[in-house]
Amino acid sequence: MIKKKHLLASALLISVALILSVLAVAGPKKVSLKGEIRDAEYVRKMTKSQKTKLGPKIVDKDDFVFLLPGGDYYLLPNIDRNIKARHAGQQARITGKLNGQAIIAERIELKRDIGYETVWAERWEEDLMRDLVWHG
């Protein structure tokens with residue numbers, strides 16, 4: 001009987017360890033979300049009118065967030081503020097990795113009449129930096 005309990009406990013521990021290792025390897029979830037880039041002040045006013053609090057996700061009132069149609073929003077920490085400002089208020093699709101309340105963006109696409117047009121890609125910035133270092 002005691003051996004059976006030890007065997008079951010060992011099997012349970014191994015199962016939990018396997019599940020945790022799979023979750024750790026999976027990392028942030030890749031997403032492609034539709035919404036619009038909005039300034040933080042707009043979201044702050046919107047949430048006040050809906051009697052909900054703008055959480056501590058927005059630190060800088062001059063920054064921008066990605067606002068989903070349902071009212072949820074995400075920070076875009078790896079995108080330069082000027083790029084976010086240039087595309088504010090436009091319908092967009094952002095592809096990247098969801099990391100808590102932030103999207104680590106890989107690509108921004110803006111909605112056009114015939115689909116979506118890529119206007120920013122993380123890869124473009126990496127190529128630019130490599131060229132600057134290489135030639136600079």
# chains A, B, ... in the order shown; residues from 1 in each chain; ligands from 1
>>> residues_around(residues="stretch 95-106 of chain A", least_positions_apart="2", cutoff="10 Å", atoms="only C-alpha atoms", output="list in words")
Gly27, Pro28, Lys29, Lys30, Val31, Ser32, Leu33, Lys34, Lys57, Ile58, Val65, Phe66, Asp72, Tyr73, Tyr74, Leu75, Leu76, Pro77, Asn78, Ile79, Ala92, Arg93, Ile108, Glu109, Trp120, Ala121, Glu122, Arg123 and Trp124 of chain A
>>> write_last_selection(atoms="N, CA and C atoms", output="short mmCIF file (atom, residue, chain, number, x, y, z; two decimals), in the first residue's frame")
data_model
loop_
_atom_site.label_atom_id
_atom_site.label_comp_id
_atom_site.auth_asym_id
_atom_site.auth_seq_id
_atom_site.Cartn_x
_atom_site.Cartn_y
_atom_site.Cartn_z
N GLY A 27 6.06 30.25 -23.57
CA GLY A 27 6.32 31.68 -23.49
C GLY A 27 5.12 32.52 -23.86
N PRO A 28 5.38 33.79 -24.26
CA PRO A 28 4.28 34.69 -24.61
C PRO A 28 3.50 34.17 -25.81
N LYS A 29 2.23 34.44 -25.81
CA LYS A 29 1.32 33.96 -26.86
C LYS A 29 1.37 34.91 -28.06
N LYS A 30 1.53 34.35 -29.26
CA LYS A 30 1.53 35.16 -30.48
C LYS A 30 0.08 35.50 -30.83
N VAL A 31 -0.16 36.79 -31.13
CA VAL A 31 -1.50 37.26 -31.44
C VAL A 31 -1.49 38.16 -32.67
N SER A 32 -2.65 38.31 -33.25
CA SER A 32 -2.89 39.28 -34.31
C SER A 32 -4.24 39.92 -33.99
N LEU A 33 -4.20 41.16 -33.50
CA LEU A 33 -5.41 41.82 -33.00
C LEU A 33 -5.76 43.04 -33.84
N LYS A 34 -7.07 43.28 -33.97
CA LYS A 34 -7.56 44.45 -34.70
C LYS A 34 -8.07 45.47 -33.71
N LYS A 57 -1.60 50.40 -16.10
CA LYS A 57 -0.91 49.99 -17.32
C LYS A 57 -0.32 51.18 -18.04
N ILE A 58 -0.98 52.35 -17.97
CA ILE A 58 -0.50 53.53 -18.67
C ILE A 58 0.29 54.38 -17.69
N VAL A 65 -1.66 53.71 -26.77
CA VAL A 65 -1.99 52.32 -26.50
C VAL A 65 -2.73 51.75 -27.71
N PHE A 66 -2.85 50.43 -27.74
CA PHE A 66 -3.63 49.78 -28.78
C PHE A 66 -4.98 49.43 -28.18
N ASP A 72 -10.77 46.95 -24.17
CA ASP A 72 -9.48 46.53 -23.62
C ASP A 72 -8.38 47.26 -24.38
N TYR A 73 -7.25 47.44 -23.72
CA TYR A 73 -6.13 48.12 -24.37
C TYR A 73 -4.82 47.51 -23.92
N TYR A 74 -3.81 47.68 -24.76
CA TYR A 74 -2.50 47.12 -24.50
C TYR A 74 -1.42 48.16 -24.77
N LEU A 75 -0.36 48.12 -23.98
CA LEU A 75 0.80 48.96 -24.23
C LEU A 75 1.56 48.41 -25.42
N LEU A 76 2.31 49.28 -26.09
CA LEU A 76 3.15 48.90 -27.23
C LEU A 76 4.58 49.37 -26.93
N PRO A 77 5.26 48.69 -26.00
CA PRO A 77 6.53 49.21 -25.50
C PRO A 77 7.69 49.22 -26.49
N ASN A 78 7.64 48.39 -27.51
CA ASN A 78 8.78 48.33 -28.43
C ASN A 78 8.59 49.17 -29.69
N ILE A 79 7.54 49.98 -29.72
CA ILE A 79 7.30 50.85 -30.87
C ILE A 79 7.57 52.29 -30.44
N ALA A 92 -6.21 49.47 -37.31
CA ALA A 92 -4.95 48.75 -37.49
C ALA A 92 -5.09 47.30 -37.06
N ARG A 93 -4.13 46.53 -37.52
CA ARG A 93 -3.96 45.14 -37.05
C ARG A 93 -2.52 45.04 -36.58
N ILE A 108 2.88 46.28 -37.70
CA ILE A 108 1.67 47.11 -37.68
C ILE A 108 1.17 47.19 -39.11
N GLU A 109 -0.11 46.89 -39.27
CA GLU A 109 -0.74 47.01 -40.59
C GLU A 109 -1.94 47.94 -40.44
N TRP A 120 4.86 49.31 -40.47
CA TRP A 120 6.00 49.19 -39.56
C TRP A 120 6.24 47.71 -39.30
N ALA A 121 7.50 47.34 -39.25
CA ALA A 121 7.86 45.97 -38.90
C ALA A 121 9.12 45.99 -38.05
N GLU A 122 9.13 45.20 -37.02
CA GLU A 122 10.29 45.12 -36.14
C GLU A 122 11.54 44.77 -36.95
N ARG A 123 11.36 43.91 -37.93
CA ARG A 123 12.47 43.47 -38.78
C ARG A 123 13.10 44.66 -39.50
N TRP A 124 12.27 45.66 -39.93
CA TRP A 124 12.79 46.84 -40.62
C TRP A 124 13.72 47.62 -39.70
#
>>> atom_distance(atom1="atom CA of A:Ala85", atom2="atom CA of A:Trp134")
29.3 Å
>>> atom_distance(atom1="atom CA of A:Glu41", atom2="atom CA of A:Lys111")
23.3 Å
>>> closest_residue(among="A:Asp131, A:Glu117, A:Glu126, A:Glu36", to="A:Gly70", atoms="only C-alpha atoms")
A:Glu36
>>> atom_distance(atom1="atom CA of A:Arg130", atom2="atom CA of A:Asp62")
29.4 Å
